[in-house]
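Participant: Just so it is clear, I am handing over entry30.txt, which has compact mmCIF, C-alpha atoms and all ligand atoms.
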```txt
# COMPACT_ATOMS: atom_id res chain seq x y z
CA MET W 60 18.33 -9.49 24.31
CA ARG W 61 16.92 -11.36 21.30
CA ASN W 62 13.71 -9.34 21.35
CA ILE W 63 15.50 -5.96 21.33
CA GLU W 64 17.24 -6.97 18.10
CA SER W 65 14.22 -8.59 16.46
CA PRO W 66 12.48 -6.83 13.57
CA ALA W 67 8.95 -5.58 14.11
CA VAL W 68 7.65 -8.09 11.57
CA LEU W 69 9.25 -11.27 10.31
CA LEU W 70 7.59 -13.65 7.87
CA SER W 71 9.56 -16.74 6.86
CA SER W 72 8.33 -18.71 3.83
CA VAL W 73 4.72 -18.25 4.89
CA THR W 74 2.09 -20.08 2.85
CA LYS W 75 -1.70 -20.11 3.16
CA SER W 76 -4.28 -21.74 0.91
CA PHE W 77 -8.07 -21.58 0.94
CA GLY W 78 -9.13 -24.78 -0.79
CA PRO W 79 -7.51 -24.69 -4.22
CA VAL W 80 -6.57 -20.97 -3.90
CA ARG W 81 -3.00 -20.35 -2.77
CA ALA W 82 -3.61 -16.92 -1.24
CA VAL W 83 -0.07 -16.50 0.13
CA ASP W 84 2.72 -18.47 -1.50
CA GLY W 85 6.05 -18.60 0.30
CA VAL W 86 6.33 -14.98 1.41
CA THR W 87 9.49 -14.01 3.30
CA LEU W 88 9.97 -10.47 4.56
CA ALA W 89 11.42 -8.53 7.46
CA ILE W 90 10.26 -5.09 8.54
CA PRO W 91 12.70 -3.25 10.83
CA ARG W 92 11.31 -1.18 13.68
CA GLY W 93 10.35 2.38 12.84
CA GLN W 94 9.70 1.91 9.12
CA THR W 95 6.47 2.82 7.34
CA ILE W 96 5.69 0.16 4.76
CA ALA W 97 3.08 0.16 1.99
CA LEU W 98 1.69 -3.17 0.85
CA LEU W 99 0.52 -3.02 -2.76
CA GLY W 100 -1.11 -5.58 -5.02
CA PRO W 101 -4.09 -6.02 -7.31
CA ASN W 102 -7.45 -7.25 -5.97
CA GLY W 103 -7.11 -10.76 -4.60
CA ALA W 104 -3.28 -10.58 -4.55
CA GLY W 105 -3.07 -11.79 -0.96
CA LYS W 106 -2.58 -8.54 0.99
CA SER W 107 -5.32 -9.12 3.59
CA THR W 108 -4.30 -12.75 4.00
CA THR W 109 -0.68 -11.68 4.57
CA ILE W 110 -1.88 -9.22 7.21
CA GLY W 111 -4.05 -11.93 8.81
CA LEU W 112 -1.02 -14.24 8.97
CA LEU W 113 1.32 -11.70 10.47
CA LEU W 114 -1.25 -10.73 13.11
CA GLY W 115 -1.77 -14.38 14.02
CA LEU W 116 -5.44 -14.19 13.00
CA LEU W 117 -4.86 -16.96 10.45
CA PRO W 118 -2.63 -19.97 11.05
CA PRO W 119 -0.12 -20.49 8.19
CA ASP W 120 -0.11 -23.84 6.36
CA SER W 121 3.68 -23.65 6.51
CA GLY W 122 6.32 -21.12 7.47
CA GLN W 123 6.41 -18.79 10.44
CA ALA W 124 5.36 -15.31 11.48
CA SER W 125 6.76 -13.35 14.40
CA LEU W 126 6.32 -9.82 15.76
CA PHE W 127 9.14 -8.29 17.80
CA GLY W 128 10.58 -11.78 18.11
CA HIS W 129 7.40 -13.20 19.63
CA ASP W 130 4.60 -15.34 18.43
CA PRO W 131 2.06 -12.88 16.87
CA GLY W 132 -0.71 -13.81 19.34
CA GLN W 133 1.62 -13.12 22.26
CA ALA W 134 2.70 -9.74 20.82
CA VAL W 135 -0.97 -8.77 20.30
CA ARG W 136 -1.87 -9.82 23.87
CA ARG W 137 0.99 -7.68 25.20
CA GLY W 138 -0.53 -4.65 23.50
CA ARG W 139 2.39 -4.16 21.11
CA VAL W 140 0.20 -4.32 18.01
CA GLY W 141 -2.81 -2.28 16.90
CA ALA W 142 -4.69 -3.36 13.80
CA MET W 143 -7.41 -1.92 11.64
CA PRO W 144 -9.19 -4.49 9.51
CA GLN W 145 -10.45 -3.65 6.01
CA GLU W 146 -14.00 -3.70 7.25
CA GLY W 147 -15.74 -4.87 10.36
CA GLY W 148 -18.67 -3.96 12.51
CA LEU W 149 -18.45 -1.64 15.48
CA VAL W 150 -20.33 -2.33 18.69
CA GLU W 151 -23.72 -0.65 18.39
CA ARG W 152 -25.50 1.75 20.73
CA VAL W 153 -22.34 3.10 22.39
CA THR W 154 -20.73 6.47 21.80
CA VAL W 155 -17.31 6.94 20.23
CA ARG W 156 -15.93 7.92 23.64
CA GLU W 157 -17.46 4.89 25.41
CA LEU W 158 -16.13 2.50 22.77
CA LEU W 159 -12.60 3.92 22.85
CA THR W 160 -12.57 4.03 26.68
CA PHE W 161 -13.56 0.36 26.71
CA VAL W 162 -10.89 -0.63 24.16
CA ALA W 163 -8.26 1.47 26.00
CA GLY W 164 -9.05 -0.50 29.18
CA THR W 165 -7.89 -3.72 27.51
CA TYR W 166 -4.34 -2.36 27.01
CA PRO W 167 -1.63 -1.99 29.66
CA ALA W 168 -0.55 1.57 28.69
CA PRO W 169 -3.12 3.25 26.41
CA LEU W 170 -2.84 6.74 24.92
CA PRO W 171 -4.89 9.53 26.55
CA LEU W 172 -8.37 9.60 25.02
CA ASP W 173 -8.10 13.22 23.86
CA ARG W 174 -4.90 12.42 21.95
CA VAL W 175 -6.58 9.47 20.21
CA LEU W 176 -9.62 11.57 19.30
CA GLU W 177 -7.33 14.23 17.89
CA LEU W 178 -5.21 11.79 15.86
CA ALA W 179 -8.33 10.15 14.41
CA GLN W 180 -10.09 13.51 13.83
CA LEU W 181 -12.95 12.45 16.08
CA THR W 182 -12.89 15.19 18.72
CA GLY W 183 -16.19 16.68 17.51
CA LEU W 184 -17.80 13.25 17.27
CA ARG W 185 -16.83 11.91 20.70
CA ASP W 186 -20.44 11.76 21.97
CA ARG W 187 -21.96 10.47 18.73
CA ARG W 188 -23.25 6.89 18.72
CA VAL W 189 -21.01 4.72 16.55
CA ASP W 190 -23.98 3.27 14.66
CA LYS W 191 -24.94 6.80 13.57
CA LEU W 192 -21.67 7.54 11.79
CA SER W 193 -20.97 7.86 8.08
CA GLY W 194 -18.71 5.30 6.37
CA GLY W 195 -15.69 7.60 6.55
CA GLN W 196 -16.35 8.47 10.20
CA ALA W 197 -16.73 4.79 11.12
CA GLN W 198 -13.41 4.16 9.34
CA ARG W 199 -11.82 6.77 11.61
CA VAL W 200 -13.24 5.04 14.69
CA ARG W 201 -11.72 1.74 13.50
CA PHE W 202 -8.41 3.59 13.11
CA ALA W 203 -8.79 5.01 16.63
CA THR W 204 -9.30 1.51 18.07
CA ALA W 205 -6.06 0.47 16.33
CA ILE W 206 -3.96 3.20 17.96
CA VAL W 207 -5.64 3.63 21.36
CA GLY W 208 -3.38 1.02 22.99
CA ASN W 209 -0.27 3.02 21.98
CA PRO W 210 1.12 0.02 20.06
CA ASP W 211 4.63 -0.17 18.62
CA LEU W 212 3.32 -1.72 15.41
CA ILE W 213 0.25 -0.35 13.61
CA VAL W 214 -1.23 -2.51 10.85
CA LEU W 215 -3.85 -0.91 8.63
CA ASP W 216 -5.73 -2.71 5.86
CA GLU W 217 -6.79 -0.06 3.30
CA PRO W 218 -7.11 2.66 5.98
CA THR W 219 -8.20 5.45 3.63
CA ALA W 220 -10.60 3.46 1.42
CA ALA W 221 -13.72 5.33 2.62
CA LEU W 222 -12.16 8.75 3.22
CA ASP W 223 -12.60 11.86 1.10
CA VAL W 224 -9.58 13.81 -0.13
CA ALA W 225 -9.39 16.22 2.85
CA ALA W 226 -9.86 13.40 5.39
CA ARG W 227 -7.14 11.35 3.65
CA ARG W 228 -4.71 14.23 3.96
CA GLU W 229 -5.52 14.75 7.63
CA PHE W 230 -5.27 11.02 8.23
CA TRP W 231 -1.75 10.95 6.78
CA ASP W 232 -0.73 13.98 8.81
CA GLY W 233 -1.73 12.04 11.94
CA MET W 234 0.17 8.98 10.74
CA HIS W 235 3.24 11.10 10.12
CA GLY W 236 3.10 12.13 13.78
CA LEU W 237 3.00 8.48 14.87
CA ALA W 238 5.78 7.50 12.46
CA SER W 239 7.98 10.29 13.80
CA GLN W 240 7.55 8.80 17.28
CA GLY W 241 9.26 5.66 15.99
CA LYS W 242 6.17 3.52 15.45
CA THR W 243 6.32 0.82 12.80
CA ILE W 244 3.45 1.19 10.36
CA LEU W 245 2.30 -1.30 7.75
CA PHE W 246 -0.59 -0.32 5.51
CA SER W 247 -2.17 -1.83 2.43
CA THR W 248 -3.59 0.46 -0.22
CA HIS W 249 -4.78 0.71 -3.80
CA TYR W 250 -3.77 4.39 -3.91
CA LEU W 251 -0.35 4.36 -5.52
CA ASP W 252 0.22 8.03 -4.68
CA GLU W 253 -0.16 7.15 -0.97
CA ALA W 254 2.41 4.39 -1.29
CA ASP W 255 4.72 6.73 -3.18
CA GLU W 256 4.46 9.65 -0.77
CA ARG W 257 3.76 8.09 2.60
CA SER W 258 6.00 5.05 2.88
CA ASP W 259 9.71 4.42 3.39
CA ARG W 260 9.43 1.18 1.49
CA ILE W 261 6.95 -0.58 -0.78
CA ILE W 262 6.20 -4.29 -0.90
CA VAL W 263 4.29 -5.55 -3.94
CA ILE W 264 2.37 -8.83 -3.77
CA ASP W 265 0.79 -10.54 -6.76
CA ARG W 266 -0.91 -13.94 -6.83
CA GLY W 267 0.30 -14.61 -3.30
CA ARG W 268 3.96 -13.96 -4.08
CA LEU W 269 6.20 -11.09 -3.08
CA ILE W 270 7.29 -9.65 -6.43
CA ALA W 271 8.99 -6.40 -5.43
CA ASP W 272 10.41 -4.92 -2.25
CA GLY W 273 12.19 -1.59 -2.18
CA THR W 274 11.91 2.17 -2.04
CA SER W 275 9.52 3.88 -4.43
CA ASP W 276 12.48 4.96 -6.61
CA GLU W 277 13.88 1.44 -6.70
CA ILE W 278 10.53 0.06 -7.78
CA LYS W 279 10.09 2.73 -10.45
CA ARG W 280 13.48 1.74 -11.84
CA VAL W 281 12.02 -1.71 -12.59
CA VAL W 282 10.50 -0.07 -15.63
CA ALA W 283 13.36 1.90 -17.06
CA LEU W 284 11.10 3.34 -19.74
CA THR W 285 10.73 7.10 -20.06
CA THR W 286 7.75 8.64 -21.84
CA VAL W 287 8.63 11.10 -24.62
CA SER W 288 5.57 12.93 -26.00
CA VAL W 289 5.31 15.18 -29.05
CA THR W 290 2.54 16.72 -31.12
CA VAL W 291 2.49 15.22 -34.62
CA ALA W 292 0.65 16.16 -37.78
CA GLY W 293 -0.39 13.26 -40.00
CA GLU W 294 0.96 9.76 -40.09
CA ALA W 295 3.05 8.86 -36.98
CA ALA W 296 3.79 5.14 -37.11
CA TRP W 297 7.38 5.89 -38.20
CA LEU W 298 8.08 7.16 -34.67
CA ALA W 299 8.06 3.56 -33.44
CA ALA W 300 11.28 2.92 -35.37
CA LEU W 301 13.25 5.69 -33.64
CA PRO W 302 16.20 4.69 -31.43
CA GLY W 303 15.21 3.53 -27.94
CA VAL W 304 11.47 3.41 -28.62
CA ARG W 305 9.78 0.27 -27.28
CA HIS W 306 6.11 1.27 -27.45
CA LEU W 307 4.08 3.90 -29.24
CA GLU W 308 0.64 5.20 -28.37
CA ILE W 309 -1.22 7.85 -30.38
CA ARG W 310 -3.88 9.90 -28.61
CA GLY W 311 -5.40 12.60 -30.81
CA ASP W 312 -2.49 14.56 -32.26
CA ARG W 313 -0.12 13.47 -29.46
CA ALA W 314 2.36 10.64 -29.83
CA HIS W 315 3.57 9.04 -26.58
CA LEU W 316 6.76 7.05 -26.99
CA ARG W 317 8.06 4.74 -24.28
CA SER W 318 11.80 4.84 -24.61
CA ALA W 319 14.65 2.89 -23.07
CA ASP W 320 17.05 5.58 -24.29
CA PRO W 321 15.26 8.94 -24.08
CA ASP W 322 18.37 10.97 -25.08
CA ALA W 323 18.67 9.05 -28.35
CA THR W 324 14.92 9.30 -28.96
CA VAL W 325 14.84 13.07 -28.40
CA LEU W 326 17.91 13.56 -30.62
CA ALA W 327 16.28 11.57 -33.43
CA LEU W 328 13.04 13.56 -33.05
CA ALA W 329 15.04 16.79 -33.26
CA ARG W 330 16.83 15.59 -36.40
CA ALA W 331 13.44 14.81 -37.93
CA GLY W 332 12.13 18.22 -36.92
CA ALA W 333 9.37 16.60 -34.84
CA VAL W 334 9.71 18.39 -31.50
CA ARG W 335 6.45 20.34 -31.25
CA ASN W 336 5.38 20.50 -27.57
CA LEU W 337 8.05 17.98 -26.60
CA GLU W 338 7.64 16.52 -23.09
CA VAL W 339 9.81 13.98 -21.30
CA ALA W 340 8.42 12.20 -18.21
CA PRO W 341 10.14 9.48 -16.16
CA ALA W 342 8.28 6.28 -15.31
CA ASP W 343 5.90 6.70 -12.37
CA LEU W 344 4.86 4.19 -9.73
CA GLU W 345 1.73 3.28 -11.67
CA ASP W 346 3.87 2.32 -14.67
CA ALA W 347 6.04 0.16 -12.42
CA PHE W 348 3.02 -1.40 -10.72
CA VAL W 349 1.36 -2.27 -14.03
CA ALA W 350 4.62 -3.62 -15.43
CA LEU W 351 5.17 -5.74 -12.34
CA THR W 352 1.67 -7.12 -12.01
CA THR W 353 0.82 -7.83 -15.65
CA LYS W 354 2.54 -10.35 -17.82
CA THR W 355 1.90 -8.21 -20.91
CA ASN W 356 4.32 -5.57 -19.60
CA LEU W 357 2.75 -2.16 -20.07
CA THR W 358 0.34 -3.21 -22.81
CA THR W 359 -2.61 -2.34 -20.59
CA LYS W 360 -1.47 1.29 -20.72
CA THR W 361 0.05 1.53 -24.16
CA LYS W 362 -0.50 -0.05 -27.50
CA GLU W 363 2.52 -2.09 -28.46
CA ILE W 364 3.30 -1.83 -32.12
CA VAL W 365 6.94 -2.88 -32.30
N1 LIG Z 1 -11.65 -16.95 3.82
C1 LIG Z 1 -11.38 -17.19 2.54
N2 LIG Z 1 -11.92 -18.26 1.91
C2 LIG Z 1 -11.65 -18.53 0.62
N3 LIG Z 1 -10.84 -17.79 -0.16
C3 LIG Z 1 -10.28 -16.71 0.41
C4 LIG Z 1 -10.53 -16.34 1.77
N4 LIG Z 1 -9.83 -15.22 2.04
C5 LIG Z 1 -9.18 -14.88 0.90
N5 LIG Z 1 -9.45 -15.78 -0.08
C6 LIG Z 1 -8.90 -15.75 -1.45
O1 LIG Z 1 -7.49 -15.61 -1.33
C7 LIG Z 1 -6.99 -14.71 -2.32
C8 LIG Z 1 -6.29 -13.53 -1.64
O2 LIG Z 1 -7.28 -12.73 -0.98
P1 LIG Z 1 -6.92 -11.45 -0.12
O3 LIG Z 1 -8.19 -10.98 0.51
O4 LIG Z 1 -5.77 -11.75 0.76
O5 LIG Z 1 -6.46 -10.42 -1.26
P2 LIG Z 1 -6.23 -8.85 -1.19
O6 LIG Z 1 -4.92 -8.60 -1.88
O7 LIG Z 1 -6.38 -8.36 0.18
O8 LIG Z 1 -7.41 -8.33 -2.13
P3 LIG Z 1 -8.24 -6.92 -2.15
O9 LIG Z 1 -7.29 -5.88 -2.64
O10 LIG Z 1 -9.32 -7.22 -3.13
O11 LIG Z 1 -8.75 -6.67 -0.76
C9 LIG Z 1 -8.20 -14.31 -3.18
O12 LIG Z 1 -8.23 -15.18 -4.30
C10 LIG Z 1 -9.38 -14.56 -2.25
O13 LIG Z 1 -10.54 -14.86 -2.99
```
So that I can check it, write out the structure of this file as structure tokens.
Facilitator:
Amino acid sequence: MRNIESPAVLLSSVTKSFGPVRAVDGVTLAIPRGQTIALLGPNGAGKSTTIGLLLGLLPPDSGQASLFGHDPGQAVRRGRVGAMPQEGGLVERVTVRELLTFVAGTYPAPLPLDRVLELAQLTGLRDRRVDKLSGGQAQRVRFATAIVGNPDLIVLDEPTAALDVAARREFWDGMHGLASQGKTILFSTHYLDEADERSDRIIVIDRGRLIADGTSDEIKRVVALTTVSVTVAGEAAWLAALPGVRHLEIRGDRAHLRSADPDATVLALARAGAVRNLEVAPADLEDAFVALTTKTNLTTKTKEIV
């Protein structure tokens, strides 16, 4: 009974250090079955280490990881988990079909080969040797090996890193099909638009710590600053003193104001007759990500003058 109720992924105060580097520092999270989760964080934040811990590839220094209520190694051996590492060699001198047939044979109930080839956009490459593939094609073979066992949990470390724009779109269409079958999907990415559009929930890790966990909208709300932009002629520093304005950036003849009270800012601009080409844009995920992962709070994107 316990395993039916258990979340797909459970990490409890998991910590992992490499020498003096604390790569994962007390991370606790639960991923219910059927969710698609994006794992975000700057380079070296601890994403791959977190994935290694939850797959049982790395032993934690302290804390615990479980998948579907089992020890990760046990869940992997039962074929409940398919994983795609960030990089990794493929066996040489075999064709795509031979490799996937071999991997399928290690699982109790694999997907039909044609379905896997279709999901990974490899149908036309089935008889190509895997050591003759381009980087993006090899990435798709790694993805195919992750799903061939028809796992309940699919863990993908930067799955679209080597894919061009069209291949990324097709990849996500395939993932959507798997998600709609109730699979749990966890993927790390540096593409914030992917996290925004393709996940039910976003987890942000920085310096080994979980610093945000919520829907894309919830995370965007972390930075409640709206950008108000106008075209200005001449001196513009006075705009920084308008109500609500926290930051001002001038680019060419455009002034971009980050405002905590956009209504008041727009009203004051109107009173001053400075509304040429007025634009109002809510905070996006990139704003939230930068705000969350830098101590300087938005100063990497805007010049703070107040
Ligand atoms: N095997 C290892 N030996 C020593 N240090 C390691 C090892 N693996 C990771 N680290 C260090 O642990 C920290 C977290 O690394 P990790 O690869 O988990 O980050 P990441 O968020 O996946 O980064 P990226 O986005 O660059 O792939 C980094 O400081 C990294 O240098």
Participant: Pick out the closest residue to Asp276 of chain W from this set: W:Ala347, W:Val153, W:Ala179, W:Ala300. Count only C-alpha atoms.
Facilitator: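 Of the candidates, the smallest distance to Asp276 of chain W is held by W:Ala347.
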Participant: Which residue gives the smallest distance to Thr353 of chain W among W:Ala205, W:Lys191, W:Ile270, W:Asn336, with all atoms listed in the file counted?
Facilitator: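 Using all atoms listed in the file, the shortest distance to Thr353 of chain W belongs to W:Ile270.
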Participant: I'd like the interatomic distance between atom CA of Arg174 of chain W and atom CA of Ser107 of chain W, to a tenth of an Å.
Facilitator: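 Between these atoms lies a distance of 28.3 Å.
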Participant: If you count all atoms listed in the file, which residues end up within 10 Å of ligand LIG 1 (chain Z), as a PyMOL selection string?
Facilitator: chain W and resi 75-83+98-112+117+145+216-217+247-249+263-267
Participant: Counting only C-alpha atoms, which residue out of W:Arg260, W:Ala203, W:Asp312, W:Tyr166 sits closest to Thr182 of chain W?
Facilitator: W:Ala203
Participant: Nearest to Ile261 of chain W among W:Thr74, W:Leu344, W:Pro119, W:Asp232, with distances taken over all atoms listed in the file: which residue is it?
Facilitator: W:Leu344
Participant: Please compute the atom CA of Glu64 of chain W-atom CA of Leu116 of chain W distance, one decimal, in Å.
Facilitator: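 These two atoms are separated by 24.3 Å.
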Participant: Around the point (20.0, 4.5, -25.0) (coordinates from the file), which residues reach within 12 Å if we count all atoms listed in the file? Answer as a ChimeraX atom specification.
Facilitator: /W:283-285,301-305,317-327
Participant: Just the number, please: distance in Å from atom CA of His129 of chain W to atom CA of Met234 of chain W, one decimal.
Facilitator: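 The value is 25.0 Å.
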Participant: Taking into account only C-alpha atoms, which residue in the set W:Leu337, W:Ala292, W:Ala163, W:Leu114 is nearest to Val214 of chain W?
Facilitator: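 Smallest separation from Val214 of chain W among the options: W:Leu114.
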Participant: At a cut-off of 9 Å around the point (7.3, 5.4, 2.1) (file coordinates), what residues fall inside when counting all atoms listed in the file? I'd like the answer as a list in words.
Facilitator: Gln94, Thr95, Ile96, Ala97, Glu253, Ala254, Asp255, Glu256, Arg257, Ser258, Asp259, Arg260, Ile261, Thr274 and Ser275 of chain W
Participant: Counting all atoms listed in the file, which of W:Asp346, W:Glu157, W:Asp252, W:Glu294 gets nearest to Arg228 of chain W?
Facilitator: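 Of W:Asp346, W:Glu157, W:Asp252, W:Glu294, the one nearest Arg228 of chain W is W:Asp252, counting all atoms listed in the file.
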Participant: Report as a PyMOL selection string all protein, DNA and RNA residues lying within 12 Å of Phe161 of chain W, evaluated on only C-alpha atoms, omitting residues in the same chain fewer than 3 positions from it.
Facilitator: chain W and resi 150+153-158+164-166+169+172+204+207-208
Participant: Can you pull out the residues contacting Leu69 of chain W? Cut-off 8 Å, using only C-alpha atoms, and skip same-chain residues under 2 positions away; I want them as a list in words.
Facilitator: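 That gives Pro66, Ala67, Ser71, Thr87, Leu88, Ala89, Ile90, Leu113, Ala124, Ser125, Leu126 and Gly128 of chain W.
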